[in-house]
$ cat run_18.txt   # compact mmCIF, C-alpha atoms and all ligand atoms
# COMPACT_ATOMS: atom_id res chain seq x y z
CA MET A 22 38.99 86.03 53.21
CA PRO A 23 36.35 83.80 51.53
CA PRO A 24 35.29 80.83 53.63
CA SER A 25 37.12 77.56 53.37
CA LEU A 26 35.73 74.79 51.20
CA LEU A 27 35.37 71.14 52.21
CA ILE A 28 35.31 68.71 49.28
CA THR A 29 33.75 65.35 50.06
CA GLY A 30 31.96 62.47 48.34
CA ALA A 31 34.72 61.39 45.95
CA SER A 32 34.83 57.71 45.03
CA GLN A 33 38.61 58.18 44.76
CA ILE A 34 41.00 61.04 45.43
CA LEU A 35 44.30 60.60 43.60
CA THR A 36 46.73 62.51 45.77
CA LEU A 37 50.00 61.68 43.97
CA ARG A 38 51.52 62.55 47.34
CA GLY A 39 55.01 61.73 48.39
CA PRO A 40 58.41 62.87 47.30
CA GLY A 41 58.39 63.69 43.60
CA PRO A 42 59.40 63.24 40.91
CA ARG A 43 58.43 59.63 40.35
CA ARG A 44 60.55 56.99 38.68
CA GLY A 45 60.20 53.26 38.01
CA LYS A 46 57.72 51.45 40.23
CA ALA A 47 56.80 54.61 42.13
CA LEU A 48 55.14 55.86 38.94
CA ALA A 49 52.45 53.22 39.39
CA ASP A 50 51.13 54.37 42.78
CA PRO A 51 48.73 57.32 42.49
CA GLY A 52 48.20 57.51 46.27
CA VAL A 53 44.48 56.74 46.17
CA LEU A 54 42.22 57.78 49.05
CA ARG A 55 38.91 55.97 48.90
CA ASP A 56 36.99 57.77 51.60
CA GLY A 57 38.85 61.04 51.52
CA ALA A 58 38.21 64.76 51.81
CA ILE A 59 40.05 67.94 50.88
CA LEU A 60 39.92 71.22 52.78
CA VAL A 61 40.71 74.25 50.63
CA ARG A 62 41.61 77.62 52.12
CA GLY A 63 42.77 80.79 50.37
CA GLY A 64 43.51 79.00 47.12
CA GLU A 65 45.62 76.34 48.79
CA ILE A 66 45.07 72.86 50.11
CA ALA A 67 44.80 73.15 53.89
CA ALA A 68 44.29 69.44 54.51
CA VAL A 69 43.75 66.22 52.61
CA GLY A 70 43.14 62.81 54.14
CA PRO A 71 40.50 60.39 55.38
CA SER A 72 37.08 62.13 55.44
CA ARG A 73 36.46 61.55 59.10
CA LYS A 74 39.75 63.17 60.04
CA VAL A 75 39.46 66.17 57.71
CA ALA A 76 35.77 66.75 58.52
CA SER A 77 36.49 66.76 62.24
CA LEU A 78 38.84 69.74 61.93
CA LYS A 79 37.29 72.83 63.51
CA GLU A 80 37.70 74.80 60.30
CA SER A 81 35.79 72.16 58.33
CA LYS A 82 32.66 72.70 60.39
CA ASP A 83 32.32 76.32 59.16
CA ALA A 84 33.53 75.59 55.65
CA GLU A 85 31.36 75.64 52.54
CA LYS A 86 30.65 72.09 51.43
CA LEU A 87 31.05 70.54 48.01
CA ASP A 88 29.94 66.93 47.56
CA VAL A 89 31.33 65.61 44.26
CA GLY A 90 28.82 62.77 44.12
CA GLY A 91 31.01 59.71 43.72
CA ARG A 92 33.28 61.19 41.05
CA VAL A 93 37.09 60.99 40.93
CA VAL A 94 39.29 63.89 42.06
CA LEU A 95 42.90 64.29 40.93
CA PRO A 96 45.48 67.08 40.62
CA GLY A 97 44.86 69.39 37.65
CA PHE A 98 46.92 68.25 34.66
CA VAL A 99 50.21 70.00 34.03
CA ASP A 100 50.72 70.16 30.27
CA ALA A 101 54.43 70.86 30.06
CA HIS A 102 54.78 71.23 26.28
CA THR A 103 52.50 73.43 24.18
CA HIS A 104 52.83 75.94 21.36
CA LEU A 105 49.85 77.97 22.56
CA ILE A 106 50.22 81.14 20.53
CA HIS A 107 49.63 80.60 16.84
CA ALA A 108 47.47 82.46 14.37
CA ALA A 109 45.63 79.69 12.53
CA SER A 110 45.25 75.99 12.01
CA ARG A 111 47.10 74.18 9.20
CA ALA A 112 44.12 72.11 8.15
CA GLU A 113 45.27 72.40 4.51
CA GLU A 114 48.40 70.43 5.40
CA TYR A 115 46.29 67.81 7.15
CA GLU A 116 44.88 66.73 3.80
CA LEU A 117 48.35 66.60 2.23
CA LYS A 118 49.49 64.35 5.07
CA ILE A 119 46.54 62.07 4.57
CA GLN A 120 47.55 61.77 0.91
CA GLY A 121 50.98 60.62 2.06
CA VAL A 122 53.11 63.79 1.95
CA SER A 123 55.39 63.70 5.01
CA TYR A 124 55.77 66.44 7.65
CA GLU A 125 59.34 67.09 6.49
CA GLU A 126 58.35 67.31 2.80
CA ILE A 127 55.64 69.83 3.64
CA ALA A 128 58.19 71.87 5.59
CA ARG A 129 60.70 71.77 2.71
CA LYS A 130 58.05 73.22 0.42
CA GLY A 131 57.63 76.24 2.70
CA GLY A 132 54.73 74.83 4.67
CA GLY A 133 55.08 73.65 8.23
CA ILE A 134 56.47 75.98 10.86
CA LEU A 135 57.30 78.71 8.29
CA ASN A 136 53.66 78.69 7.21
CA SER A 137 52.64 79.42 10.81
CA VAL A 138 55.34 82.12 11.11
CA LYS A 139 53.98 83.93 8.07
CA LYS A 140 50.47 83.82 9.48
CA LEU A 141 51.48 84.95 12.95
CA ARG A 142 53.49 87.93 11.75
CA ALA A 143 50.38 89.13 9.87
CA THR A 144 48.10 88.84 12.90
CA THR A 145 47.54 91.47 15.58
CA ALA A 146 48.38 90.80 19.22
CA GLN A 147 44.74 91.35 20.05
CA ASP A 148 43.60 88.60 17.68
CA LEU A 149 46.32 86.24 18.90
CA LYS A 150 45.24 86.88 22.46
CA ARG A 151 41.57 86.27 21.75
CA ARG A 152 42.39 82.98 20.07
CA ALA A 153 44.71 81.87 22.87
CA ARG A 154 42.17 82.78 25.53
CA GLY A 155 39.67 80.50 23.81
CA PHE A 156 42.22 77.69 23.91
CA LEU A 157 42.95 78.28 27.60
CA GLU A 158 39.26 77.90 28.37
CA ARG A 159 39.30 74.60 26.49
CA PHE A 160 42.41 73.45 28.42
CA ALA A 161 40.52 74.08 31.65
CA GLU A 162 37.51 72.14 30.36
CA TYR A 163 39.75 69.10 29.97
CA GLY A 164 41.13 69.33 33.50
CA THR A 165 44.40 71.15 32.78
CA THR A 166 45.37 73.85 35.27
CA THR A 167 48.95 74.71 34.21
CA ILE A 168 50.60 74.70 30.81
CA GLU A 169 54.05 75.47 29.51
CA ALA A 170 53.84 77.61 26.35
CA LYS A 171 56.57 78.17 23.77
CA SER A 172 57.12 81.05 21.42
CA GLY A 173 58.59 80.06 18.06
CA TYR A 174 56.16 81.21 15.40
CA GLY A 175 57.56 84.75 15.39
CA LEU A 176 61.29 84.22 14.78
CA ASP A 177 62.16 87.91 14.85
CA ILE A 178 62.66 90.04 17.90
CA THR A 179 59.38 91.93 17.71
CA SER A 180 57.18 88.92 17.02
CA GLU A 181 58.89 86.69 19.58
CA LEU A 182 58.60 89.31 22.33
CA ARG A 183 54.97 89.83 21.35
CA ILE A 184 54.27 86.13 21.91
CA LEU A 185 56.12 86.05 25.23
CA ALA A 186 54.27 89.16 26.40
CA LEU A 187 50.99 87.39 25.63
CA HIS A 188 52.09 84.43 27.77
CA HIS A 189 52.66 86.86 30.57
CA GLU A 190 49.32 88.66 30.16
CA LEU A 191 47.33 85.44 29.84
CA ASP A 192 49.08 83.91 32.85
CA ALA A 193 47.71 86.74 34.96
CA GLU A 194 44.14 85.79 34.00
CA GLN A 195 42.21 82.74 35.07
CA PRO A 196 41.82 79.90 34.31
CA VAL A 197 45.22 78.40 33.53
CA GLN A 198 48.74 79.32 34.67
CA ILE A 199 51.45 79.57 32.03
CA ALA A 200 55.16 78.81 32.24
CA SER A 201 56.82 80.65 29.37
CA THR A 202 59.53 79.29 27.08
CA PHE A 203 61.54 81.06 24.40
CA LEU A 204 61.76 78.90 21.25
CA GLY A 205 63.46 81.29 18.85
CA ALA A 206 65.39 78.22 17.68
CA HIS A 207 62.32 76.56 16.19
CA VAL A 208 63.57 76.77 12.59
CA VAL A 209 65.65 79.24 10.59
CA PRO A 210 63.24 81.95 9.38
CA ALA A 211 62.71 82.53 5.65
CA GLU A 212 64.72 85.78 5.54
CA TYR A 213 67.88 83.90 6.64
CA ARG A 214 67.49 81.04 4.18
CA GLY A 215 68.88 80.55 0.72
CA LYS A 216 72.10 82.46 1.25
CA ALA A 217 75.47 81.17 2.41
CA GLY A 218 75.95 81.51 6.15
CA GLY A 219 72.26 82.22 6.71
CA THR A 220 71.81 79.66 9.47
CA ALA A 221 75.00 80.76 11.23
CA ALA A 222 73.82 84.36 11.07
CA TYR A 223 70.49 83.44 12.64
CA VAL A 224 72.19 81.42 15.39
CA ASP A 225 74.40 84.47 16.05
CA LEU A 226 71.30 86.64 16.23
CA LEU A 227 69.73 84.22 18.72
CA ALA A 228 72.78 84.03 20.96
CA GLN A 229 73.82 87.66 20.77
CA ARG A 230 70.58 89.59 20.54
CA LEU A 231 67.35 87.63 20.97
CA ILE A 232 68.32 85.64 24.07
CA PRO A 233 69.78 88.64 25.93
CA GLU A 234 66.68 90.72 25.12
CA VAL A 235 64.29 87.94 26.13
CA ALA A 236 66.18 87.45 29.39
CA GLU A 237 66.16 91.18 30.02
CA SER A 238 62.39 91.31 29.41
CA ARG A 239 61.86 88.58 32.04
CA LEU A 240 59.12 87.14 29.84
CA ALA A 241 60.54 83.61 29.68
CA GLU A 242 61.80 81.06 32.19
CA PHE A 243 63.08 78.50 29.73
CA CYS A 244 64.93 78.31 26.42
CA ASP A 245 64.07 75.51 24.00
CA VAL A 246 65.51 74.37 20.67
CA PHE A 247 64.21 72.11 17.90
CA CYS A 248 67.28 69.93 17.37
CA GLU A 249 66.47 68.00 14.19
CA ARG A 250 67.45 67.71 10.53
CA GLY A 251 65.82 70.66 8.78
CA ALA A 252 66.00 72.69 12.01
CA PHE A 253 69.16 72.98 14.17
CA THR A 254 72.19 70.69 14.56
CA VAL A 255 73.53 69.59 17.94
CA ARG A 256 76.32 72.16 17.64
CA GLU A 257 73.93 75.00 16.91
CA SER A 258 71.55 73.79 19.61
CA ARG A 259 74.37 73.76 22.16
CA ARG A 260 75.26 77.34 21.32
CA VAL A 261 71.64 78.46 21.74
CA LEU A 262 71.00 76.55 24.97
CA GLU A 263 74.30 77.67 26.50
CA ALA A 264 73.51 81.28 25.67
CA GLY A 265 70.09 80.78 27.28
CA LYS A 266 71.66 79.26 30.38
CA ASN A 267 74.16 82.09 30.68
CA HIS A 268 71.19 84.44 30.76
CA GLY A 269 69.27 82.44 33.35
CA LEU A 270 66.95 80.55 30.98
CA ALA A 271 66.77 76.86 31.87
CA PRO A 272 67.15 74.51 28.89
CA ARG A 273 64.46 72.29 27.35
CA VAL A 274 64.97 70.35 24.11
CA HIS A 275 62.84 69.01 21.24
CA ALA A 276 64.89 65.83 20.97
CA GLU A 277 65.06 62.76 18.71
CA GLN A 278 61.59 63.34 17.22
CA LEU A 279 62.23 62.32 13.59
CA SER A 280 65.78 60.98 13.81
CA ASN A 281 68.53 60.37 16.37
CA THR A 282 70.70 63.47 16.54
CA GLY A 283 72.37 63.22 19.94
CA SER A 284 70.12 65.96 21.29
CA THR A 285 69.13 63.97 24.37
CA ARG A 286 72.71 63.64 25.49
CA LEU A 287 73.21 67.33 24.83
CA GLY A 288 70.14 68.13 26.94
CA ILE A 289 71.32 65.96 29.81
CA ALA A 290 74.84 67.41 29.67
CA LEU A 291 73.41 70.92 29.95
CA GLY A 292 71.06 69.95 32.80
CA ALA A 293 67.91 70.43 30.71
CA LYS A 294 64.66 70.37 32.68
CA SER A 295 63.16 68.20 29.95
CA CYS A 296 63.90 66.39 26.71
CA ASP A 297 60.72 66.01 24.69
CA HIS A 298 59.43 63.67 21.93
CA LEU A 299 62.16 60.94 22.06
CA GLU A 300 60.80 58.60 19.39
CA TYR A 301 64.33 57.85 18.12
CA LEU A 302 66.16 57.20 21.38
CA LYS A 303 69.12 54.80 21.37
CA PRO A 304 69.66 52.38 24.27
CA ALA A 305 72.48 54.57 25.60
CA ASP A 306 70.14 57.60 25.61
CA ILE A 307 67.58 55.62 27.60
CA ARG A 308 70.21 54.63 30.17
CA ALA A 309 71.41 58.22 30.41
CA LEU A 310 67.88 59.56 30.98
CA GLY A 311 67.42 56.89 33.65
CA GLN A 312 70.33 58.33 35.57
CA SER A 313 69.52 61.99 35.08
CA LYS A 314 67.18 64.58 36.53
CA THR A 315 66.04 65.55 33.05
CA VAL A 316 62.41 64.63 32.49
CA ALA A 317 61.63 62.46 29.43
CA THR A 318 58.44 64.17 28.22
CA LEU A 319 56.58 61.98 25.76
CA LEU A 320 54.17 63.46 23.21
CA PRO A 321 52.18 60.60 21.68
CA GLY A 322 49.64 63.03 20.18
CA CYS A 323 52.25 63.88 17.50
CA ASP A 324 52.76 60.32 16.35
CA PHE A 325 49.03 59.75 16.35
CA TYR A 326 48.24 62.88 14.37
CA LEU A 327 51.10 62.39 11.89
CA GLY A 328 50.07 58.76 11.45
CA LEU A 329 53.52 57.47 12.39
CA ASP A 330 53.95 53.99 13.76
CA ARG A 331 56.98 54.79 15.87
CA TYR A 332 56.20 55.91 19.41
CA ALA A 333 58.68 56.70 22.18
CA PRO A 334 59.98 53.69 24.18
CA ALA A 335 58.03 54.47 27.34
CA ARG A 336 58.37 51.03 28.95
CA GLU A 337 62.13 51.00 28.47
CA LEU A 338 62.37 54.50 29.90
CA ILE A 339 60.33 53.52 32.95
CA ALA A 340 62.41 50.37 33.41
CA ALA A 341 65.59 52.45 33.21
CA GLY A 342 64.30 54.74 35.97
CA ALA A 343 63.74 57.85 33.85
CA ILE A 344 61.37 60.56 35.05
CA VAL A 345 58.69 60.10 32.40
CA GLY A 346 56.30 62.96 31.67
CA LEU A 347 53.42 63.38 29.22
CA ALA A 348 52.16 66.45 27.37
CA THR A 349 49.90 67.36 24.45
CA ASP A 350 52.44 69.33 22.36
CA PHE A 351 49.38 71.38 21.34
CA ASN A 352 50.41 73.01 18.04
CA PRO A 353 48.96 73.48 14.56
CA GLY A 354 51.45 71.26 12.71
CA THR A 355 51.96 68.02 14.57
CA SER A 356 49.48 67.80 17.44
CA PRO A 357 46.32 69.88 17.26
CA THR A 358 44.86 68.65 20.54
CA LEU A 359 44.66 70.26 23.93
CA SER A 360 43.14 67.23 25.60
CA MET A 361 45.30 65.64 28.27
CA PRO A 362 42.70 62.86 28.71
CA MET A 363 43.26 61.96 25.04
CA VAL A 364 47.02 61.95 25.64
CA LEU A 365 46.46 59.59 28.58
CA SER A 366 44.49 57.27 26.28
CA LEU A 367 47.32 57.30 23.73
CA ALA A 368 49.89 56.74 26.47
CA CYS A 369 47.98 53.67 27.63
CA SER A 370 47.18 52.11 24.27
CA GLN A 371 50.28 53.11 22.28
CA LEU A 372 53.02 53.62 24.88
CA ARG A 373 51.72 50.78 27.07
CA MET A 374 51.76 52.86 30.20
CA THR A 375 49.17 51.99 32.84
CA PRO A 376 46.51 54.59 33.70
CA ALA A 377 48.25 55.22 37.03
CA GLU A 378 51.64 55.74 35.36
CA ALA A 379 50.15 58.03 32.75
CA ILE A 380 48.42 60.19 35.36
CA ALA A 381 51.61 60.53 37.43
CA ALA A 382 53.49 61.50 34.26
CA ALA A 383 50.86 64.15 33.47
CA THR A 384 50.83 65.71 36.94
CA VAL A 385 53.62 65.31 39.45
CA ASN A 386 56.42 64.61 36.93
CA ALA A 387 55.28 67.34 34.56
CA ALA A 388 55.24 69.81 37.46
CA TYR A 389 58.84 68.82 38.23
CA SER A 390 59.86 69.49 34.63
CA LEU A 391 58.61 73.07 35.12
CA GLY A 392 60.44 73.46 38.44
CA ARG A 393 57.08 73.97 40.16
CA GLU A 394 56.86 70.72 42.09
CA ASP A 395 56.59 72.60 45.37
CA ARG A 396 53.33 74.31 44.24
CA ILE A 397 51.48 71.99 41.85
CA GLY A 398 51.24 68.41 40.56
CA SER A 399 49.89 66.66 43.67
CA LEU A 400 47.16 67.11 46.26
CA GLN A 401 49.03 67.81 49.46
CA ALA A 402 48.64 70.37 52.23
CA GLY A 403 50.40 73.61 51.32
CA LYS A 404 50.13 73.19 47.58
CA GLN A 405 47.83 75.14 45.29
CA ALA A 406 44.25 73.90 45.17
CA ASP A 407 44.51 72.96 41.48
CA LEU A 408 42.32 69.98 40.81
CA ALA A 409 40.15 68.21 38.27
CA VAL A 410 37.03 66.17 38.96
CA PHE A 411 36.06 63.50 36.45
CA GLU A 412 32.65 61.96 35.85
CA VAL A 413 33.91 58.42 36.50
CA ALA A 414 33.88 56.07 39.48
CA ASP A 415 37.39 54.69 38.90
CA TYR A 416 40.39 56.68 37.67
CA ARG A 417 41.23 54.02 35.07
CA GLU A 418 38.09 55.07 33.23
CA ILE A 419 39.65 58.45 32.42
CA PRO A 420 41.90 57.05 29.65
CA TYR A 421 39.55 54.12 29.01
CA TYR A 422 36.78 56.32 27.58
CA PHE A 423 38.93 57.79 24.81
CA GLY A 424 37.98 60.79 22.73
CA VAL A 425 35.27 62.02 25.08
CA ASN A 426 35.59 64.63 27.75
CA LEU A 427 34.47 63.36 31.12
CA CYS A 428 35.88 66.29 33.07
CA TRP A 429 33.10 67.61 35.32
CA MET A 430 34.85 70.37 37.21
CA THR A 431 38.22 72.12 37.22
CA MET A 432 39.51 74.18 40.11
CA LYS A 433 42.44 76.59 39.88
CA ARG A 434 43.88 78.03 43.10
CA GLY A 435 40.63 77.24 44.87
CA GLU A 436 38.36 78.81 42.25
CA VAL A 437 36.03 76.82 40.04
CA VAL A 438 37.17 77.67 36.51
CA TYR A 439 35.06 75.06 34.76
CA LEU A 440 31.88 73.29 35.75
CA ARG A 441 29.85 71.21 33.34
CA ASP A 442 26.21 72.23 33.45
O1 LIG A 501 56.74 69.91 18.79
N1 LIG A 501 58.94 69.87 16.42
C1 LIG A 501 58.87 71.08 16.41
N2 LIG A 501 57.84 71.76 16.89
C2 LIG A 501 56.52 71.28 16.94
C3 LIG A 501 55.88 71.31 15.60
C4 LIG A 501 55.57 72.67 15.24
C5 LIG A 501 54.84 72.81 13.94
O2 LIG A 501 54.87 71.95 13.06
O3 LIG A 501 54.23 73.88 13.83
C6 LIG A 501 56.47 69.93 17.61
O4 LIG A 501 56.15 68.91 17.01
FE FE A 502 56.82 71.04 20.31

$ encode --input "run_18.txt" --output "C-alpha cells"
Amino acid sequence: MPPSLLITGASQILTLRGPGPRRGKALADPGVLRDGAILVRGGEIAAVGPSRKVASLKESKDAEKLDVGGRVVLPGFVDAHTHLIHAASRAEEYELKIQGVSYEEIARKGGGILNSVKKLRATTAQDLKRRARGFLERFAEYGTTTIEAKSGYGLDITSELRILALHHELDAEQPVQIASTFLGAHVVPAEYRGKAGGTAAYVDLLAQRLIPEVAESRLAEFCDVFCERGAFTVRESRRVLEAGKNHGLAPRVHAEQLSNTGSTRLGIALGAKSCDHLEYLKPADIRALGQSKTVATLLPGCDFYLGLDRYAPARELIAAGAIVGLATDFNPGTSPTLSMPMVLSLACSQLRMTPAEAIAAATVNAAYSLGREDRIGSLQAGKQADLAVFEVADYREIPYYFGVNLCWMTMKRGEVVYLRD
C-alpha cells in the first residue's frame, strides 16, 4: 500500500462535517478548521482535525508530507447536474440569442436539443469519448471530483445506451467519478413529431422499452425528465418517472425552468432525489420543498447564459428549510460552463447566497442528491479523500474572484489529479 499522506499548512480547511444534508441556518457553517491537518490513507481520509492532534498520530510520523502553503482546502465539488456527453457546441445559437431570439423559439425552429441530437447521432463513440475526457480534465481543474451526467442527446435506444456506456467507461478512469442518469425524456425526437399520437408513442417507447433496457443494462442510477412546455407534460413525466422507479431508477426532475408546470410537486410526490432549475416556483412549491427530502438544485449558470433576469428564489428556499444544492448544468444549449467556482459566484451575486451557503450547496448537499453522502461531500474520517485546494487565504475569495480559476490542486480518492504548475 502506498504510504499515507499528511496534508498541513492550510489557512483554512472547510470540513463541512456533521450530519448532512444541510438546511436553513446549518447551511451557513462550513466547519472551518484554522490550524488543521488531514491524514489520507488508501484513498480515504484517515483523520482530520487540529494539526497538533493529527500530526501526533503514529501513522503521521511516517507519512509523506504535503504543505499547502497557506491555501484553502475544501471537499471536491459535487456537480450534480450535467449533460456531459454531447457532440458539439451550439455557438451558432449563441449569436441568435444575443440578437433576441429566445431559447424556446430556437427549439421550435429545430435548433436546441434536437440540433444536439442530430449531431450526436452522427458522431462515433470514440469521438464522443475523447471530447468528454477533455471536459472531465477541465472539471478536475476547477476542483470538481464527482459529477452526475445525463444522457438525452441520443433519444433512440442505440444512441442512449451508447451515451450511458460512455458514462460507465469514463467513470472507471481518473480523474472524476460519474453518477449516470437516463434522460430519454429530454424532448420528443424528430421522428416522432408531426404526426398524431407521436408524443404518446414516444412516451410508450420510453416506459415499455427504453427504461426496461436501460435498467437491465445497469448503466444508469437515475431517471430524469424535462417537464416543460415544448417537452413533456406533468402526466407524461409521471408515467416516465414511475416506470423508472419500477425499474429501480431513482427520479430526478428538470422542474419549473421556463414556466410553472407542477413538476416540483410531482417530483416530491415520487420521492425524487432532486428537482432542478426552479426559476418558476410558487410559494406552495417552496413550502413543499422545505418539508421534503428532495434537494432543490439551483442552476444559475442557465439564467446567466440565457440572459434571463429571473433566478430561482434561493433565499426563500433556504428560509423554508429546503435542501438547496448548486450545479453547473454543463450543456451546449443553456449553460456551457463546467466551472463550479463560477456557479458559486453567480449563486452569491444573483441568488444572494453567502459563500459558505454556496459551498455547502455545492458539496455536502449535492452529494446527498446523488445518494453518496456516506462517501463524498465533506472532509471526515472514513470518506473518500476527494478534495480541492484553492489559491486563496479565505474561502470567501473563491466566489469573490469571479471568472478566474484559482484552483491549485485537486485530489480524487487520494490521488492528485490536477496540480497547477
Ligand atoms: O438543463 N432543460 C433541458 N435541458 C437542458 C438544456 C439542454 C439543451 O438545450 O441542450 C437544461 O437546461
Ligand atoms: Fe439540464

$ residues_near_ligand --input "run_18.txt" --ligand "ligand FE 502 (chain A)" --cutoff "12 Å" --atoms "all atoms listed in the file" --output "JSON, numbers by chain"
{"A": [100, 101, 102, 103, 104, 105, 134, 169, 170, 171, 172, 173, 174, 202, 203, 204, 206, 207, 208, 245, 246, 247, 248, 249, 273, 274, 275, 276, 277, 278, 295, 296, 297, 298, 299, 318, 319, 320, 321, 322, 323, 348, 349, 350, 351, 352, 353, 354, 355, 356, 357]}

$ residues_around --input "run_18.txt" --residues "Tyr213 of chain A" --least-positions-apart "3" --cutoff "12 Å" --atoms "all atoms listed in the file" --output "NGL selection string"
:A and (135 or 176-177 or 208-210 or 216-226)

$ axis_aligned_box --input "run_18.txt" --around "ligand LIG 501 (chain A)" --padding-each-side "8 Å" --output "lines of an AutoDock Vina configuration file"
center_x = 56.6
center_y = 71.4
center_z = 15.9
size_x = 20.7
size_y = 21.0
size_z = 21.7

$ residues_around --input "run_18.txt" --residues "segment 74-86 of chain A" --least-positions-apart "6" --cutoff "10 Å" --atoms "all atoms listed in the file" --output "PDB file with C-alpha atoms, in the frame of the given file"
ATOM      1  CA  PRO A  23      36.350  83.800  51.530  1.00  0.00           C
ATOM      2  CA  PRO A  24      35.290  80.830  53.630  1.00  0.00           C
ATOM      3  CA  SER A  25      37.120  77.560  53.370  1.00  0.00           C
ATOM      4  CA  LEU A  26      35.730  74.790  51.200  1.00  0.00           C
ATOM      5  CA  LEU A  27      35.370  71.140  52.210  1.00  0.00           C
ATOM      6  CA  ILE A  28      35.310  68.710  49.280  1.00  0.00           C
ATOM      7  CA  THR A  29      33.750  65.350  50.060  1.00  0.00           C
ATOM      8  CA  GLY A  57      38.850  61.040  51.520  1.00  0.00           C
ATOM      9  CA  ALA A  58      38.210  64.760  51.810  1.00  0.00           C
ATOM     10  CA  ILE A  59      40.050  67.940  50.880  1.00  0.00           C
ATOM     11  CA  LEU A  60      39.920  71.220  52.780  1.00  0.00           C
ATOM     12  CA  VAL A  61      40.710  74.250  50.630  1.00  0.00           C
ATOM     13  CA  ARG A  62      41.610  77.620  52.120  1.00  0.00           C
ATOM     14  CA  ALA A  67      44.800  73.150  53.890  1.00  0.00           C
ATOM     15  CA  ALA A  68      44.290  69.440  54.510  1.00  0.00           C
TER      16      ALA A  68
END

$ atom_distance --input "run_18.txt" --atom1 "atom CA of Asp192 of chain A" --atom2 "atom CA of Thr179 of chain A"
20.0 Å

$ residues_around --input "run_18.txt" --residues "Glu194 of chain A" --least-positions-apart "6" --cutoff "12 Å" --atoms "all atoms listed in the file" --output "list in words"
Lys150, Ala153, Arg154, Leu157, Glu158, Leu187, His188, Lys433, Arg434 and Val438 of chain A

$ write_last_selection --input "run_18.txt" --atoms "C-alpha atoms" --output "compact mmCIF listing (two decimals), keeping the file's coordinate frame"
# COMPACT_ATOMS: atom_id res chain seq x y z
CA LYS A 150 45.24 86.88 22.46
CA ALA A 153 44.71 81.87 22.87
CA ARG A 154 42.17 82.78 25.53
CA LEU A 157 42.95 78.28 27.60
CA GLU A 158 39.26 77.90 28.37
CA LEU A 187 50.99 87.39 25.63
CA HIS A 188 52.09 84.43 27.77
CA LYS A 433 42.44 76.59 39.88
CA ARG A 434 43.88 78.03 43.10
CA VAL A 438 37.17 77.67 36.51

$ atom_distance --input "run_18.txt" --atom1 "atom CA of Leu87 of chain A" --atom2 "atom CA of Ile66 of chain A"
14.4 Å

$ residues_around --input "run_18.txt" --residues "His189 of chain A" --least-positions-apart "4" --cutoff "7 Å" --atoms "only C-alpha atoms" --output "number ranges by chain"
A: 185, 193, 240

$ residues_around --input "run_18.txt" --residues "Ile397 of chain A" --least-positions-apart "3" --cutoff "9 Å" --atoms "all atoms listed in the file" --output "list of chain:residue names"
A:Pro96, A:Gly97, A:Val99, A:Thr167, A:Thr384, A:Val385, A:Ala388, A:Tyr389, A:Arg393, A:Glu394, A:Leu400, A:Lys404, A:Gln405, A:Ala406, A:Asp407

$ closest_residue --input "run_18.txt" --among "A:Ser284, A:Arg92, A:Ala341, A:Leu329" --to "Pro304 of chain A" --atoms "all atoms listed in the file"
A:Ala341

$ closest_residue --input "run_18.txt" --among "A:Tyr301, A:Phe243, A:Phe411, A:Tyr115" --to "Gly392 of chain A" --atoms "only C-alpha atoms"
A:Phe243
